[in-house]
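**Q** Before we start, here is the structure in question, set down as structure tokens.
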Protein chains: 2
Amino acid sequence: MGYVHNDPVDLRTWSIAELAAEYDVTLRTIRFYEDRGLLTPERRGTVRVYHPRDKVRLGLILRGKRLGFSLDQIATIVDMYDAEPGEEGQLVYLLDQIGRRRAELEQRRRDIDETLLELAEVERRCQADLQDLQRA
Amino acid sequence: MGYVHNDPVDLRTWSIAELAAEYDVTLRTIRFYEDRGLLTPERRGTVRVYHPRDKVRLGLILRGKRLGFSLDQIATIVDMYDAEPGEEGQLVYLLDQIGRRRAELEQRRRDIDETLLELAEVERRCQADLQDLQRA
DNA sequence: CGAGTGATTGACGCTTACGTAAACGTAAAG
DNA sequence: CTTTACGTTTACGTAAGCGTCAATCACTCG
């Protein structure tokens, strides 16, 4: 275990297996994300040690996946979170990226709402058919 | 062209190129979906002719893709739309599927809302930093 | 008739996102 | 000391989702 019981949040660490269990992914997956530069855990000797920052990032990555983003897109999103202030060009670029992502997400939400409406309609039809069957 | 001008909606047809242009996908993509059983256009000789039903299905497929569903998942979803009444087992199965999809979609919407909130936060920081730079 | 234009079917290639061994290291427990 | 648990790298495999030819056919326009 990453250790102990009552550590302040910032001191806790996790093993790769602990993270895998908590987020229900395989070790392979976590290592793959590292390979792609999405995670950079500490190394103690050869062993990977994950800090709260790494854990948060993994959470963000998986949420991005649920949303259907590619790992490349996720990389740019996740990196936005801990970007340092930087120079003006950087900031403008970041703001631009944020705008794009927001537009994508809002489109997705519309897609979801439409789909939910249609599912409800299909469900209604289904239940009606079921009623008819059971009366017969 | 699929023909004419003022046909009742149900009579219009489209060529593969027209559909590709309208939805901004390649011919290859459309044929691939057919290969996977997601589309079944009419054949006039060797040529594919798309009816309104096919066009609608393509729209559903692409929306499914935007939502990050796999083609397999999309197939089951899309097929729900034109499922015939069928027997009780079928209907129960369908209702179950609907429930699952709905749960997935609602999770996704939560993901989106969280992400949007966080993006707004990052944006706020960004704009603040930009302000600071421009005062200096 | 010849040149385009737009369609068709293969067939091979490529990227993404991992799965799945194989072969090895290390450290605590029985 | 050997087993067991947990970790490591290297590397090949695979499924999904198309891109990209190549070869061929059908129709129309000048």
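Following the order of the structure tokens, first chain is A, next is B, and so on, with residues numbered from 1 inside each chain and ligands from 1 in the order they appear.
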Should the cut-off be 10 Å, what would the residue list for chain B against chain C look like, counting only C-alpha atoms (C1' of nucleotides), as a PyMOL selection string?
**A** chain B and resi 15-17+46-48
**Q** Please identify every residue of chain B that has at least one atom no farther than 9 Å from an atom of chain D, counting only C-alpha atoms (C1' of nucleotides), and for each give the shortest atom pair and the distance in Å to one decimal, arranged by chain then increasing number, as CSV.
**A**
residue,atom,partner,partner_atom,distance
B:Arg28,CA,D:DC18,C1',7.3
B:Thr29,CA,D:DC18,C1',6.4
B:Phe32,CA,D:DC18,C1',7.9
B:Ser70,CA,D:DA16,C1',8.2
B:Leu71,CA,D:DA16,C1',8.4
**Q** Could you give me, as a VMD selection string, the residues within 7 Å of Val49 of chain A, counting only C-alpha atoms (C1' of nucleotides) and dropping anything in the same chain fewer than 2 positions from it?
**A** chain A and resid 13 to 15 41 to 44 47 51
**Q** Would you save the residues of that selection, restricted to C-alpha atoms, as an mmCIF file, in the first residue's frame?
**A**
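Below you can see part-v6.cif, which holds the result:
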data_model
loop_
_atom_site.group_PDB
_atom_site.id
_atom_site.type_symbol
_atom_site.label_atom_id
_atom_site.label_comp_id
_atom_site.auth_asym_id
_atom_site.auth_seq_id
_atom_site.Cartn_x
_atom_site.Cartn_y
_atom_site.Cartn_z
ATOM 1 C CA THR A 13 0.534 7.667 -2.771
ATOM 2 C CA TRP A 14 -0.805 4.697 -4.705
ATOM 3 C CA SER A 15 0.628 1.674 -6.417
ATOM 4 C CA PRO A 41 4.407 8.877 -11.966
ATOM 5 C CA GLU A 42 7.410 9.028 -9.690
ATOM 6 C CA ARG A 43 9.844 6.140 -9.877
ATOM 7 C CA ARG A 44 11.178 4.591 -6.729
ATOM 8 C CA VAL A 47 8.605 0.920 -9.386
ATOM 9 C CA HIS A 51 0.761 10.892 -6.260
#
**Q** Using only C-alpha atoms, find the residues of chain A whose closest atom to chain B is at most 9 Å away, then write them as an mmCIF file with N, CA and C atoms, in the first residue's frame.
**A**
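For reference, iface-v3.cif as written:
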data_model
loop_
_atom_site.group_PDB
_atom_site.id
_atom_site.type_symbol
_atom_site.label_atom_id
_atom_site.label_comp_id
_atom_site.auth_asym_id
_atom_site.auth_seq_id
_atom_site.Cartn_x
_atom_site.Cartn_y
_atom_site.Cartn_z
ATOM 1 N N LEU A 60 -9.330 12.232 -14.920
ATOM 2 C CA LEU A 60 -9.674 13.114 -16.040
ATOM 3 C C LEU A 60 -9.580 12.366 -17.370
ATOM 4 N N ARG A 63 -12.541 10.063 -17.759
ATOM 5 C CA ARG A 63 -13.749 10.820 -18.063
ATOM 6 C C ARG A 63 -13.728 11.249 -19.525
ATOM 7 N N GLY A 64 -12.567 11.684 -19.967
ATOM 8 C CA GLY A 64 -12.425 12.053 -21.370
ATOM 9 C C GLY A 64 -12.770 10.885 -22.281
ATOM 10 N N LYS A 65 -12.349 9.709 -21.894
ATOM 11 C CA LYS A 65 -12.649 8.525 -22.691
ATOM 12 C C LYS A 65 -14.142 8.261 -22.741
ATOM 13 N N ARG A 66 -14.779 8.353 -21.577
ATOM 14 C CA ARG A 66 -16.228 8.144 -21.562
ATOM 15 C C ARG A 66 -16.911 9.117 -22.510
ATOM 16 N N LEU A 67 -16.318 10.282 -22.654
ATOM 17 C CA LEU A 67 -16.908 11.287 -23.526
ATOM 18 C C LEU A 67 -16.543 11.060 -24.982
ATOM 19 N N GLY A 68 -15.738 10.041 -25.254
ATOM 20 C CA GLY A 68 -15.426 9.713 -26.630
ATOM 21 C C GLY A 68 -14.290 10.507 -27.241
ATOM 22 N N PHE A 69 -13.502 11.191 -26.388
ATOM 23 C CA PHE A 69 -12.337 11.883 -26.929
ATOM 24 C C PHE A 69 -11.204 10.903 -27.167
ATOM 25 N N ILE A 77 -6.471 18.468 -23.387
ATOM 26 C CA ILE A 77 -7.411 18.925 -22.362
ATOM 27 C C ILE A 77 -6.775 18.855 -20.979
ATOM 28 N N MET A 80 -4.249 21.327 -20.080
ATOM 29 C CA MET A 80 -4.747 22.673 -19.801
ATOM 30 C C MET A 80 -4.908 22.894 -18.306
ATOM 31 N N TYR A 81 -5.243 21.817 -17.603
ATOM 32 C CA TYR A 81 -5.541 21.977 -16.181
ATOM 33 C C TYR A 81 -4.328 22.426 -15.378
ATOM 34 N N PRO A 85 0.951 29.782 -15.985
ATOM 35 C CA PRO A 85 0.526 31.017 -16.632
ATOM 36 C C PRO A 85 1.124 31.214 -18.018
ATOM 37 N N GLY A 86 2.441 31.223 -18.133
ATOM 38 C CA GLY A 86 3.061 31.328 -19.448
ATOM 39 C C GLY A 86 2.880 32.691 -20.085
ATOM 40 N N GLU A 87 3.216 32.799 -21.314
ATOM 41 C CA GLU A 87 3.195 34.076 -22.018
ATOM 42 C C GLU A 87 1.845 34.275 -22.703
ATOM 43 N N GLU A 88 1.692 35.421 -23.279
ATOM 44 C CA GLU A 88 0.396 35.801 -23.837
ATOM 45 C C GLU A 88 -0.068 34.852 -24.943
ATOM 46 N N LEU A 91 -1.515 31.762 -23.580
ATOM 47 C CA LEU A 91 -2.819 31.971 -22.959
ATOM 48 C C LEU A 91 -3.915 32.083 -24.011
ATOM 49 N N VAL A 92 -3.614 32.816 -25.066
ATOM 50 C CA VAL A 92 -4.599 32.990 -26.124
ATOM 51 C C VAL A 92 -4.912 31.639 -26.767
ATOM 52 N N LEU A 94 -4.619 28.744 -25.384
ATOM 53 C CA LEU A 94 -5.398 27.983 -24.415
ATOM 54 C C LEU A 94 -6.871 28.365 -24.454
ATOM 55 N N LEU A 95 -7.109 29.670 -24.458
ATOM 56 C CA LEU A 95 -8.495 30.139 -24.478
ATOM 57 C C LEU A 95 -9.201 29.641 -25.734
ATOM 58 N N ILE A 98 -10.042 26.023 -25.291
ATOM 59 C CA ILE A 98 -11.178 25.900 -24.386
ATOM 60 C C ILE A 98 -12.483 26.134 -25.136
ATOM 61 N N GLY A 99 -12.469 27.155 -25.975
ATOM 62 C CA GLY A 99 -13.659 27.441 -26.765
ATOM 63 C C GLY A 99 -14.045 26.263 -27.633
ATOM 64 N N ARG A 101 -13.277 23.030 -27.295
ATOM 65 C CA ARG A 101 -13.757 21.899 -26.487
ATOM 66 C C ARG A 101 -15.171 22.157 -26.010
ATOM 67 N N ARG A 102 -15.399 23.377 -25.582
ATOM 68 C CA ARG A 102 -16.735 23.696 -25.092
ATOM 69 C C ARG A 102 -17.766 23.484 -26.191
ATOM 70 N N LEU A 105 -18.389 19.848 -26.626
ATOM 71 C CA LEU A 105 -19.155 19.271 -25.515
ATOM 72 C C LEU A 105 -20.616 19.670 -25.586
ATOM 73 N N GLU A 106 -20.839 20.912 -25.982
ATOM 74 C CA GLU A 106 -22.230 21.350 -26.045
ATOM 75 C C GLU A 106 -22.974 20.635 -27.158
ATOM 76 N N GLN A 107 -22.276 20.390 -28.268
ATOM 77 C CA GLN A 107 -22.874 19.586 -29.335
ATOM 78 C C GLN A 107 -23.229 18.202 -28.797
ATOM 79 N N ARG A 108 -22.321 17.642 -28.033
ATOM 80 C CA ARG A 108 -22.567 16.308 -27.502
ATOM 81 C C ARG A 108 -23.760 16.276 -26.588
ATOM 82 N N ARG A 109 -23.887 17.334 -25.805
ATOM 83 C CA ARG A 109 -25.018 17.348 -24.893
ATOM 84 C C ARG A 109 -26.331 17.421 -25.673
ATOM 85 N N ASP A 111 -26.751 16.159 -28.610
ATOM 86 C CA ASP A 111 -26.915 14.802 -29.129
ATOM 87 C C ASP A 111 -27.539 13.899 -28.075
ATOM 88 N N ILE A 112 -27.023 14.014 -26.879
ATOM 89 C CA ILE A 112 -27.524 13.166 -25.792
ATOM 90 C C ILE A 112 -28.991 13.441 -25.531
ATOM 91 N N ASP A 113 -29.334 14.710 -25.461
ATOM 92 C CA ASP A 113 -30.725 15.053 -25.161
ATOM 93 C C ASP A 113 -31.662 14.538 -26.244
ATOM 94 N N THR A 115 -31.144 12.013 -28.193
ATOM 95 C CA THR A 115 -31.195 10.558 -28.099
ATOM 96 C C THR A 115 -32.081 10.114 -26.954
ATOM 97 N N LEU A 116 -31.979 10.802 -25.836
ATOM 98 C CA LEU A 116 -32.800 10.435 -24.680
ATOM 99 C C LEU A 116 -34.284 10.590 -25.006
ATOM 100 N N GLU A 118 -35.653 10.368 -27.921
ATOM 101 C CA GLU A 118 -36.069 9.318 -28.840
ATOM 102 C C GLU A 118 -36.154 7.972 -28.146
ATOM 103 N N LEU A 119 -35.240 7.731 -27.235
ATOM 104 C CA LEU A 119 -35.312 6.481 -26.479
ATOM 105 C C LEU A 119 -36.617 6.423 -25.700
ATOM 106 N N ALA A 120 -36.984 7.544 -25.123
ATOM 107 C CA ALA A 120 -38.233 7.588 -24.356
ATOM 108 C C ALA A 120 -39.409 7.236 -25.261
ATOM 109 N N VAL A 122 -39.328 5.387 -28.054
ATOM 110 C CA VAL A 122 -39.266 3.962 -28.355
ATOM 111 C C VAL A 122 -39.790 3.157 -27.162
ATOM 112 N N GLU A 123 -39.394 3.587 -25.984
ATOM 113 C CA GLU A 123 -39.817 2.895 -24.768
ATOM 114 C C GLU A 123 -41.346 2.918 -24.638
ATOM 115 N N ARG A 125 -43.558 3.175 -26.998
ATOM 116 C CA ARG A 125 -44.122 2.239 -27.978
ATOM 117 C C ARG A 125 -44.003 0.811 -27.472
ATOM 118 N N CYS A 126 -42.814 0.499 -26.967
ATOM 119 C CA CYS A 126 -42.545 -0.828 -26.439
ATOM 120 C C CYS A 126 -43.551 -1.224 -25.380
ATOM 121 N N GLN A 127 -43.746 -0.332 -24.427
ATOM 122 C CA GLN A 127 -44.629 -0.653 -23.313
ATOM 123 C C GLN A 127 -46.067 -0.805 -23.779
ATOM 124 N N ASP A 129 -46.961 -1.922 -26.750
ATOM 125 C CA ASP A 129 -47.014 -3.227 -27.399
ATOM 126 C C ASP A 129 -47.117 -4.335 -26.363
ATOM 127 N N LEU A 130 -46.372 -4.162 -25.291
ATOM 128 C CA LEU A 130 -46.369 -5.166 -24.238
ATOM 129 C C LEU A 130 -47.760 -5.282 -23.600
ATOM 130 N N LEU A 133 -50.060 -7.197 -25.836
ATOM 131 C CA LEU A 133 -49.780 -8.625 -25.794
ATOM 132 C C LEU A 133 -50.404 -9.270 -24.568
ATOM 133 N N GLN A 134 -50.292 -8.552 -23.452
ATOM 134 C CA GLN A 134 -50.757 -9.150 -22.204
ATOM 135 C C GLN A 134 -52.277 -9.134 -22.068
#
**Q** Can you list every residue in segment 30-127 of chain A that DSSP puts in alpha helix (DSSP H), as an NGL selection string?
**A** :A and (30-35 or 52-66 or 71-81 or 88-127)
**Q** Please measure the separation of atom CA of Ile74 of chain A and atom CA of Ile30 of chain B, giving the value in Å to one decimal.
**A**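 Taking atom CA of Ile74 of chain A and atom CA of Ile30 of chain B, their separation equals 27.4 Å.
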**Q** Looking only at strand (DSSP E or B) from DSSP on the backbone, list the matching residues of chain A as a list of chain:residue names.
**A**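 Strand (DSSP E or B) members of chain A, listed: A:Trp14, A:Glu42, A:Arg43, A:Arg44, A:Val47, A:Arg48, A:Val49, A:Tyr50.
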**Q** If you measure from atom CA of Leu62 of chain A to atom CA of Ala20 of chain A, what distance in Å do you get, rounded to one decimal?
**A** 11.6 Å
